[in-house]
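S.K.: My questions all concern the structure below.
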There are 4 protein chains.
Amino acid sequence: MNKVTSVGIVGATGYTGSELIRILTMHPGVSLSILTSETHHGKKISDIYPYLSGICDKKLMKKDELKEHELDLVFLALPHGVSMEFVKNQWEDGYKIVDLSGDFRLSSADVYQKWYKIEHQCPNHLNDAVYGMPELFRENIKKAKLVSNPGCYPTSAILGLAPLLQKNIIQQHGIIIDSKSGVTGAGAKVKKATHFPTANENFNAYGIANHRHTPEIEEILGKITGQDIQLNFTPHLLPINRGILTTAYTEMLDWKNENDVRSIYYNFYKKEPFIRLRDEPVSVQAVRGSNFCDVNPILDMRTNKIIITSAIDNLIKGAAGQAVQNMNIMLGFQETLGIDFSPLSP
Amino acid sequence: MNKVTSVGIVGATGYTGSELIRILTMHPGVSLSILTSETHHGKKISDIYPYLSGICDKKLMKKDELKEHELDLVFLALPHGVSMEFVKNQWEDGYKIVDLSGDFRLSSADVYQKWYKIEHQCPNHLNDAVYGMPELFRENIKKAKLVSNPGCYPTSAILGLAPLLQKNIIQQHGIIIDSKSGVTGAGAKVKKATHFPTANENFNAYGIANHRHTPEIEEILGKITGQDIQLNFTPHLLPINRGILTTAYTEMLDWKNENDVRSIYYNFYKKEPFIRLRDEPVSVQAVRGSNFCDVNPILDMRTNKIIITSAIDNLIKGAAGQAVQNMNIMLGFQETLGIDFSPLSP
Amino acid sequence: MNKVTSVGIVGATGYTGSELIRILTMHPGVSLSILTSETHHGKKISDIYPYLSGICDKKLMKKDELKEHELDLVFLALPHGVSMEFVKNQWEDGYKIVDLSGDFRLSSADVYQKWYKIEHQCPNHLNDAVYGMPELFRENIKKAKLVSNPGCYPTSAILGLAPLLQKNIIQQHGIIIDSKSGVTGAGAKVKKATHFPTANENFNAYGIANHRHTPEIEEILGKITGQDIQLNFTPHLLPINRGILTTAYTEMLDWKNENDVRSIYYNFYKKEPFIRLRDEPVSVQAVRGSNFCDVNPILDMRTNKIIITSAIDNLIKGAAGQAVQNMNIMLGFQETLGIDFSPLSP
Amino acid sequence: MNKVTSVGIVGATGYTGSELIRILTMHPGVSLSILTSETHHGKKISDIYPYLSGICDKKLMKKDELKEHELDLVFLALPHGVSMEFVKNQWEDGYKIVDLSGDFRLSSADVYQKWYKIEHQCPNHLNDAVYGMPELFRENIKKAKLVSNPGCYPTSAILGLAPLLQKNIIQQHGIIIDSKSGVTGAGAKVKKATHFPTANENFNAYGIANHRHTPEIEEILGKITGQDIQLNFTPHLLPINRGILTTAYTEMLDWKNENDVRSIYYNFYKKEPFIRLRDEPVSVQAVRGSNFCDVNPILDMRTNKIIITSAIDNLIKGAAGQAVQNMNIMLGFQETLGIDFSPLSP
């Protein structure tokens, strides 16, 4: 295939950036034209990530160099706060954008400020951004100039809960989302909490009652039901590199049986290439290295609850893989192109 | 100190058995007179656990040998189903018993049969058994002939929730207990789920809606409130050796503030030597190797919830350490004797 | 591409078998016609390895079914002892064979019996077998009917040492090979040494002075120099899933400098697609999930030694990946076809 | 016992400092009078290490405060370069000193400068320092004012090799020491190499041919034989928290058998409370949490080599535990007092 489609990555040296490089280098439809890093420009990406040696040895550029390239699409793998500056300044630059930060995931600048503790710098484009979850918003993604790639935790939580809410068989309030993420979710920057001796043989919750992914989950689930939703989301840090497992607790409105619930999930996801409906509680190892989201609902008849486990690789379906899935949709490629690889296990 | 008090361990070669050996060898008040193993009798315990070499090199005996010893107390570190046979047959033997299996934790033989899937062989002694959680039942433990040592998950869950239920400030129904345990909780016997490549870099829920610790938690919390309680308990397997972290979700009956809730916990636990009330979400590393249970309640004002994290070492406060704490109470030692060691971290 | 080339895997349910499935499913040149398992026939491979669900859901067959298929090549992912029976009985069956066991790696049936403790059942085909290390024996592999895929440890050790021995700049005797392998190297079968709590947070040597890979390394290195070589090889068990790191110690015959040594490696490997010559000590994470072998030689001028570190993914370059590389050569595909994927890191 | 002996820790917030606190808090013979930290003074040690809450909640002081206390002994848990300044300035202060840095381990200021790359600031006290390995230098430690606590790697290497060199049955030159350490050996300070996602599921050598522990091992082994020794030492980073395993390769001078060698080790260590001679290759898990050093020699008759594995907990026998062992000797306590606890496993 002739690689004529040209893409760039802004902020290429974090974990989502390097994962995008890994995936796009093997993608048969696009050419990776430019990688930027304000901190490491001048170095090769494989100097920073030796595993990429021989796979991608491109030199890192400053983002000013973007204008030297005819780009069809740019991935922003930037921290929140920095992405919105980029979008504000480069909006007219012609290429499409997939933003992997949190800056364009919430539709309200006020809600953004409340949870992210900074003022939004580009509120006029919040409505231009499409939430990049193909299973829910595929048609809008096709036409979008700016796609806001979902957060890792929200991807696992929303994909686990969407069928139940769309079919209106559970209480909309009182949903509990207990999520556990591998340490790459905390980023490539060193800090005490992710120092090996601290994180290894350890496990803890963090951000209880105030994690930024809470309003993101609430907003998207609310769009499904057409009503405001308030829920509890608690993230935890798992001593593994990759993977998120979410356990969600919901209360049934009316009595349902396993077959009813299974049918709802089956019908909701039957055409989705990356959702695997499972017969047993899911595990992170079964999705690691892939763009799959595994989902399993279990009924507790005794307590009238449905308990859903869902698992993703936080760097793939939770970040770079879903971003490429969005790119495929935005640029007219087959949706699975270059991301239909197997999990790597064990 | 003259070691005149004599104790034995029946079923010494599992993880709780070996942990009892480790602790009792260093305990200044008792002499470890006999270790039994029907499978490995004739070998030294340090042949099976080389780490114990030079610490305890006693030979393993068959349990028939118990009658050769004048024992004050016997620990049963047996599988469920086997413990109740022992209690039935040896009830008249004179020594006190701390049973670490699940056989005497539930007061009803019917409930036992429903969750454990076997008929109870010793129902007449169910009422003799005292639930060995000193923070709740210290006075009864003092007088007990048979103490049923709590399950590891229930220990973390009950200690996290007891103050709120005792003060009647939360809904009794709808409590969600999401627990995560290290792999030693699954025992020393090899199996596919705990093969290193399967469990490492992995995480999953199991036993959703049917784990045996559910009725145990419900019964004990129900005793606190005087009413039947139904709740959801979901265990998960963490890729670490030791430690349980429980995240519990409860709904406030009336509006409370952080100080109210903190005072409730403070007052409930202020005289307890092994409960540490924390200012931040707890971690398993901070309790590993100790008999501590760390507890932290956080209020989510937005959703009217109290979210409690609690952490223990599953082999110590969740098994052998709490068993020795019970022994100390039953035999009239200072409650902290021999178990007031520091956590080992990192 | 039209998949007309047909291959099978005999013994598909171990770790090397499942890794072959993962790789061959994504391979553009072959069709995976049959998977066999005497133990699990009738089940789907994805029942045993849920991660393969949606990737490969083929049913496992008994090996008798092989004759129903027109196969170009068969991979034997069998235990040693079983492979030689297969080769003895099916030699006339027409397809080429890549054997991943140790049965055809040594040229002498006597040496085999000495180290493997069983009599060789198929000594007449020992000379037909070509040692499947393309970097050394590519031309012979092209013409082979039977390729014996190298052991995981020998792959890392031989690729680290071959350039020095071929250029005759080190002592041939006294070489020390200290290797460390992830737990998948011990196979999918559960045992005490690979029970998670035993292997996790642990590290130990095993098989000192008697590991079967010793004569394999000695024979192949001896072929390079044309002389018998005796060396020490010590394997260790690393608490990780995948990866082998080998540290080899050699003594220089004459004084060399870093540039001399680096040139030797550079020239030896400059056309090799899967060898990466590194500037710094190598790491297993940089090769995990890939067919790369990373190599780094360092001179210790003070002691006149060259210390070489080399790293592979034991299931890929150390097993399934190298087997597919051999298949590519044997069947006339481009050597890198289907195995030129990036490492997965972190 | 009446705690009248008063000790202090200078630099209490690193891993060796906190481990000293853990051990000394439980030590029946001493009172921990002062902990200093120039960085964190004013905070409680349990604010920095929450696991110590309830065990030791002392406030950290500046080191100027030392003079307010009547101290019998001070532990220096400082970085190299800082310790020698302290010793230079406080030499007249009256208390004994156990220095856990590398500053007083080498007898020559020139060798120090060559390997540590800084000039020694206190060369006049190099000869006052006794190398604090009780198994070799117990009598000198008794009389010492300044004990230089051995490095973690040297402890494992020297204890593994000393009996062979003392009995003069191996070649003194050409010894290979291949060591592997858990990540706490790299200290509490965060850095890229010890970021969890980098170190986890990884393994690599570092400091090849230039690690500072090389001359330390050479000097001490040389003292045993009375001759200069040159050897190769290579450290590696293990993805575990605690533990060092050393694999050492030596060449026999004359033919010996297993019994000969075993007798040599047995006689050398028969009165040593912390050395366990093992029948099989040692493991780090069997010593974790204890002051034991496990040692196992194996003969390779084929190659005329003795291969020794030795294991310690790097923070205990490799640092804080051995320091307290030295303290016990220096202050006239029973040598095992307060450090005869069991390993914690699994």
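Note on naming: chains are A, B, ... as they come in the structure tokens, residues start from 1 per chain, ligands start from 1 in the order shown.
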Could you list, as number ranges by chain, every residue within 9 Å of B:Ile329, counting only C-alpha atoms and ignoring same-chain residues fewer than 3 positions away?
M.R.: B: 134, 138-139, 141-143, 324-326, 332-335
S.K.: I'd like to know which residues of stretch 94-314 of chain D are strand (DSSP E or B) (by DSSP, run on the backbone); could you write them as a ChimeraX atom specification?
M.R.: /D:96-99,129-131,146-148,170,176-181,195,204-205,232-237,244-252,275-277,283,293-300,305-312
S.K.: Leaving out stretch 16-32 of chain A and any residue of its chain fewer than 4 positions from it, which residues lie within 8 Å of it when counting only C-alpha atoms, given as a ChimeraX atom specification?
M.R.: /A:1-12,49,52,55-56,77,315-316,319-321,324,333,337-339 /C:341-342
S.K.: Taking only C-alpha atoms into account and nothing else, which residues of chain A lie no more than 8 Å away from chain C? Please answer as a VMD selection string.
M.R.: chain A and resid 22 26 50 to 55 184 241 to 242 276 285 to 287 289 341 to 346
S.K.: Could you write out, as a PDB file with C-alpha atoms, in the first residue's frame, all the residues of stretch 94-322 of chain D that DSSP marks as helix (DSSP H, G or I)?
M.R.:
```pdb
ATOM      1  CA  ALA D 109      42.607   7.367  49.753  1.00  0.00           C
ATOM      2  CA  ASP D 110      44.002   6.983  46.250  1.00  0.00           C
ATOM      3  CA  VAL D 111      41.966   3.903  45.485  1.00  0.00           C
ATOM      4  CA  TYR D 112      38.974   5.693  46.946  1.00  0.00           C
ATOM      5  CA  GLN D 113      39.455   8.633  44.638  1.00  0.00           C
ATOM      6  CA  LYS D 114      39.949   6.417  41.602  1.00  0.00           C
ATOM      7  CA  TRP D 115      36.646   4.557  42.076  1.00  0.00           C
ATOM      8  CA  TYR D 116      34.485   7.181  43.808  1.00  0.00           C
ATOM      9  CA  PRO D 123      42.291  10.145  55.020  1.00  0.00           C
ATOM     10  CA  ASN D 124      43.850  10.245  58.495  1.00  0.00           C
ATOM     11  CA  HIS D 125      40.994   8.141  59.890  1.00  0.00           C
ATOM     12  CA  PRO D 134      31.909  -9.815  62.155  1.00  0.00           C
ATOM     13  CA  GLU D 135      32.575 -13.186  60.544  1.00  0.00           C
ATOM     14  CA  LEU D 136      36.039 -11.914  59.561  1.00  0.00           C
ATOM     15  CA  PHE D 137      36.916  -9.082  61.902  1.00  0.00           C
ATOM     16  CA  ARG D 138      34.975  -9.613  65.129  1.00  0.00           C
ATOM     17  CA  GLU D 139      37.883  -8.950  67.475  1.00  0.00           C
ATOM     18  CA  ASN D 140      38.787  -5.676  65.830  1.00  0.00           C
ATOM     19  CA  ILE D 141      35.174  -4.554  65.814  1.00  0.00           C
ATOM     20  CA  LYS D 142      35.023  -5.008  69.588  1.00  0.00           C
ATOM     21  CA  LYS D 143      37.688  -2.384  70.061  1.00  0.00           C
ATOM     22  CA  CYS D 152      25.587  -4.860  50.328  1.00  0.00           C
ATOM     23  CA  TYR D 153      27.120  -6.591  47.304  1.00  0.00           C
ATOM     24  CA  PRO D 154      30.488  -7.142  49.058  1.00  0.00           C
ATOM     25  CA  THR D 155      28.721  -8.746  52.027  1.00  0.00           C
ATOM     26  CA  SER D 156      27.165 -11.406  49.823  1.00  0.00           C
ATOM     27  CA  ALA D 157      30.287 -11.898  47.722  1.00  0.00           C
ATOM     28  CA  ILE D 158      32.853 -12.018  50.526  1.00  0.00           C
ATOM     29  CA  LEU D 159      30.815 -14.346  52.725  1.00  0.00           C
ATOM     30  CA  GLY D 160      30.405 -16.684  49.764  1.00  0.00           C
ATOM     31  CA  LEU D 161      34.108 -16.760  48.905  1.00  0.00           C
ATOM     32  CA  ALA D 162      35.995 -16.320  52.180  1.00  0.00           C
ATOM     33  CA  PRO D 163      36.214 -19.999  53.205  1.00  0.00           C
ATOM     34  CA  LEU D 164      37.699 -21.057  49.861  1.00  0.00           C
ATOM     35  CA  LEU D 165      40.299 -18.317  49.861  1.00  0.00           C
ATOM     36  CA  GLN D 166      41.210 -18.810  53.477  1.00  0.00           C
ATOM     37  CA  VAL D 183      15.690  -2.131  43.725  1.00  0.00           C
ATOM     38  CA  THR D 184      15.932  -0.838  47.308  1.00  0.00           C
ATOM     39  CA  GLY D 185      19.682  -1.195  46.757  1.00  0.00           C
ATOM     40  CA  ALA D 186      19.433   1.820  44.457  1.00  0.00           C
ATOM     41  CA  LYS D 192      14.252   6.922  35.654  1.00  0.00           C
ATOM     42  CA  ALA D 193      15.969   3.546  36.098  1.00  0.00           C
ATOM     43  CA  THR D 194      13.879   2.816  39.178  1.00  0.00           C
ATOM     44  CA  PHE D 196       8.145   1.293  38.316  1.00  0.00           C
ATOM     45  CA  PRO D 197       7.308   0.767  34.627  1.00  0.00           C
ATOM     46  CA  THR D 198      11.019   0.799  33.761  1.00  0.00           C
ATOM     47  CA  ALA D 199      12.224  -1.617  36.434  1.00  0.00           C
ATOM     48  CA  HIS D 213      32.130  -2.351  45.223  1.00  0.00           C
ATOM     49  CA  THR D 214      34.814  -4.026  43.102  1.00  0.00           C
ATOM     50  CA  PRO D 215      37.864  -2.661  44.995  1.00  0.00           C
ATOM     51  CA  GLU D 216      36.084  -3.277  48.296  1.00  0.00           C
ATOM     52  CA  ILE D 217      35.639  -6.960  47.515  1.00  0.00           C
ATOM     53  CA  GLU D 218      39.193  -7.195  46.190  1.00  0.00           C
ATOM     54  CA  GLU D 219      40.712  -5.568  49.267  1.00  0.00           C
ATOM     55  CA  ILE D 220      38.909  -7.733  51.796  1.00  0.00           C
ATOM     56  CA  LEU D 221      39.484 -10.979  49.910  1.00  0.00           C
ATOM     57  CA  GLY D 222      43.101  -9.912  49.514  1.00  0.00           C
ATOM     58  CA  LYS D 223      43.399  -9.513  53.270  1.00  0.00           C
ATOM     59  CA  ILE D 224      42.296 -13.116  53.661  1.00  0.00           C
ATOM     60  CA  THR D 225      44.953 -14.458  51.313  1.00  0.00           C
ATOM     61  CA  GLU D 258      31.932 -32.112  47.477  1.00  0.00           C
ATOM     62  CA  ASN D 259      32.672 -33.339  50.986  1.00  0.00           C
ATOM     63  CA  ASP D 260      36.000 -31.554  51.159  1.00  0.00           C
ATOM     64  CA  VAL D 261      34.445 -28.312  50.124  1.00  0.00           C
ATOM     65  CA  ARG D 262      31.435 -28.701  52.327  1.00  0.00           C
ATOM     66  CA  SER D 263      33.688 -29.350  55.327  1.00  0.00           C
ATOM     67  CA  ILE D 264      35.628 -26.197  54.628  1.00  0.00           C
ATOM     68  CA  TYR D 265      32.447 -24.134  54.677  1.00  0.00           C
ATOM     69  CA  TYR D 266      31.079 -25.995  57.671  1.00  0.00           C
ATOM     70  CA  ASN D 267      34.167 -25.399  59.769  1.00  0.00           C
ATOM     71  CA  PHE D 268      34.510 -21.809  58.716  1.00  0.00           C
ATOM     72  CA  TYR D 269      30.954 -20.933  59.675  1.00  0.00           C
ATOM     73  CA  ILE D 316      19.470  -6.091  56.697  1.00  0.00           C
ATOM     74  CA  LYS D 317      22.609  -8.258  56.490  1.00  0.00           C
ATOM     75  CA  GLY D 318      23.615  -5.941  53.625  1.00  0.00           C
ATOM     76  CA  ALA D 319      23.107  -2.760  55.657  1.00  0.00           C
ATOM     77  CA  ALA D 320      21.052  -2.057  58.806  1.00  0.00           C
ATOM     78  CA  GLY D 321      21.070  -5.543  60.320  1.00  0.00           C
ATOM     79  CA  GLN D 322      24.814  -5.935  60.000  1.00  0.00           C
TER      80      GLN D 322
END
```
S.K.: As a short mmCIF file (atom, residue, chain, number, x, y, z; two decimals) with all heavy atoms, in the first residue's frame, please: the residues near A:Leu100 (cut-off 8 Å, only C-alpha atoms, same-chain neighbours under 4 positions excluded).
M.R.:
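For reference, selection_23.cif as written:
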```cif
data_model
loop_
_atom_site.label_atom_id
_atom_site.label_comp_id
_atom_site.auth_asym_id
_atom_site.auth_seq_id
_atom_site.Cartn_x
_atom_site.Cartn_y
_atom_site.Cartn_z
N PHE A 75 -1.72 13.91 16.24
CA PHE A 75 -2.08 13.41 17.57
C PHE A 75 -1.44 14.32 18.61
O PHE A 75 -0.23 14.59 18.55
CB PHE A 75 -1.54 11.99 17.78
CG PHE A 75 -2.15 10.96 16.88
CD1 PHE A 75 -1.55 10.62 15.67
CD2 PHE A 75 -3.34 10.33 17.23
CE1 PHE A 75 -2.11 9.66 14.83
CE2 PHE A 75 -3.91 9.37 16.40
CZ PHE A 75 -3.30 9.03 15.20
N LEU A 76 -2.23 14.76 19.56
CA LEU A 76 -1.68 15.53 20.68
C LEU A 76 -1.55 14.61 21.89
O LEU A 76 -2.54 14.22 22.49
CB LEU A 76 -2.60 16.70 21.02
CG LEU A 76 -2.96 17.65 19.87
CD1 LEU A 76 -3.80 18.81 20.41
CD2 LEU A 76 -1.71 18.17 19.18
N ALA A 77 -0.30 14.27 22.20
CA ALA A 77 -0.03 13.44 23.39
C ALA A 77 0.60 14.34 24.44
O ALA A 77 1.70 14.11 24.92
CB ALA A 77 0.87 12.28 23.01
N LEU A 78 -0.14 15.37 24.80
CA LEU A 78 0.34 16.43 25.67
C LEU A 78 -0.37 16.37 27.02
O LEU A 78 -1.45 15.79 27.13
CB LEU A 78 0.05 17.79 25.02
CG LEU A 78 0.77 18.06 23.70
CD1 LEU A 78 0.17 19.29 23.02
CD2 LEU A 78 2.27 18.26 23.94
N SER A 148 -11.69 14.20 20.71
CA SER A 148 -11.11 14.13 22.06
C SER A 148 -11.09 12.66 22.47
O SER A 148 -12.14 12.05 22.66
CB SER A 148 -11.99 14.94 23.01
OG SER A 148 -11.50 14.78 24.32
N ASN A 149 -9.88 12.14 22.57
CA ASN A 149 -9.75 10.71 22.88
C ASN A 149 -10.13 10.47 24.34
O ASN A 149 -9.67 11.19 25.23
CB ASN A 149 -8.29 10.29 22.65
CG ASN A 149 -8.16 8.88 22.16
OD1 ASN A 149 -8.76 8.52 21.14
ND2 ASN A 149 -7.38 8.07 22.86
N PRO A 150 -10.93 9.45 24.61
CA PRO A 150 -11.40 9.23 25.98
C PRO A 150 -10.27 8.95 26.96
O PRO A 150 -9.22 8.43 26.59
CB PRO A 150 -12.31 8.01 25.85
CG PRO A 150 -12.78 8.03 24.43
CD PRO A 150 -11.58 8.55 23.66
N GLY A 151 -10.52 9.24 28.22
CA GLY A 151 -9.61 8.84 29.29
C GLY A 151 -9.57 7.32 29.41
O GLY A 151 -10.49 6.62 28.98
N ALA A 319 -5.82 4.54 25.24
CA ALA A 319 -5.08 5.73 24.78
C ALA A 319 -4.72 5.59 23.28
O ALA A 319 -5.53 5.91 22.42
CB ALA A 319 -3.83 5.95 25.63
N ALA A 323 -6.97 5.97 19.85
CA ALA A 323 -6.66 7.15 19.04
C ALA A 323 -6.46 6.77 17.58
O ALA A 323 -6.91 7.48 16.67
CB ALA A 323 -5.42 7.85 19.60
#
```
S.K.: At a cut-off of 12 Å, using only C-alpha atoms, what residues contact A:Thr39? Leave out same-chain residues fewer than 6 positions from it and give the result as an MDAnalysis selection string.
M.R.: chainID A and resid 10:14 45 48 60:63
S.K.: Next, write the just-selected residues to a file, as a JSON list (two decimals), in the first residue's frame, keeping N, CA and C atoms as the atom set.
M.R.:
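As a result, result11.json now contains:
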```
[["chain", "number", "residue", "atom", "x", "y", "z"],
["A", 10, "VAL", "N", 2.52, 15.20, 18.47],
["A", 10, "VAL", "CA", 3.05, 16.31, 19.27],
["A", 10, "VAL", "C", 3.14, 15.85, 20.71],
["A", 11, "GLY", "N", 4.34, 15.86, 21.24],
["A", 11, "GLY", "CA", 4.55, 15.35, 22.61],
["A", 11, "GLY", "C", 4.79, 13.86, 22.56],
["A", 12, "ALA", "N", 5.85, 13.47, 21.86],
["A", 12, "ALA", "CA", 6.02, 12.06, 21.52],
["A", 12, "ALA", "C", 6.74, 11.25, 22.57],
["A", 13, "THR", "N", 7.21, 11.86, 23.65],
["A", 13, "THR", "CA", 8.12, 11.13, 24.53],
["A", 13, "THR", "C", 7.47, 10.57, 25.81],
["A", 14, "GLY", "N", 6.19, 10.80, 25.97],
["A", 14, "GLY", "CA", 5.48, 10.15, 27.08],
["A", 14, "GLY", "C", 5.10, 8.73, 26.69],
["A", 45, "ILE", "N", 14.11, 9.42, 19.02],
["A", 45, "ILE", "CA", 13.14, 8.81, 19.93],
["A", 45, "ILE", "C", 13.70, 7.50, 20.50],
["A", 48, "ILE", "N", 15.61, 7.71, 23.72],
["A", 48, "ILE", "CA", 14.80, 7.81, 24.93],
["A", 48, "ILE", "C", 14.11, 6.49, 25.23],
["A", 60, "LEU", "N", 13.55, 13.84, 17.12],
["A", 60, "LEU", "CA", 12.49, 14.65, 17.69],
["A", 60, "LEU", "C", 12.68, 16.11, 17.30],
["A", 61, "MET", "N", 11.59, 16.78, 16.95],
["A", 61, "MET", "CA", 11.63, 18.17, 16.51],
["A", 61, "MET", "C", 10.88, 19.05, 17.50],
["A", 62, "LYS", "N", 11.10, 20.36, 17.37],
["A", 62, "LYS", "CA", 10.24, 21.28, 18.12],
["A", 62, "LYS", "C", 8.91, 21.38, 17.37],
["A", 63, "LYS", "N", 7.87, 21.79, 18.07],
["A", 63, "LYS", "CA", 6.55, 21.74, 17.39],
["A", 63, "LYS", "C", 6.41, 22.83, 16.33]]
```
S.K.: Give me, as an MDAnalysis selection string, all polymer residues having an atom no more than 8 Å from C:Ile97, counting only C-alpha atoms and skipping those fewer than 4 positions away in the same chain.
M.R.: chainID C and resid 73:76 145:147
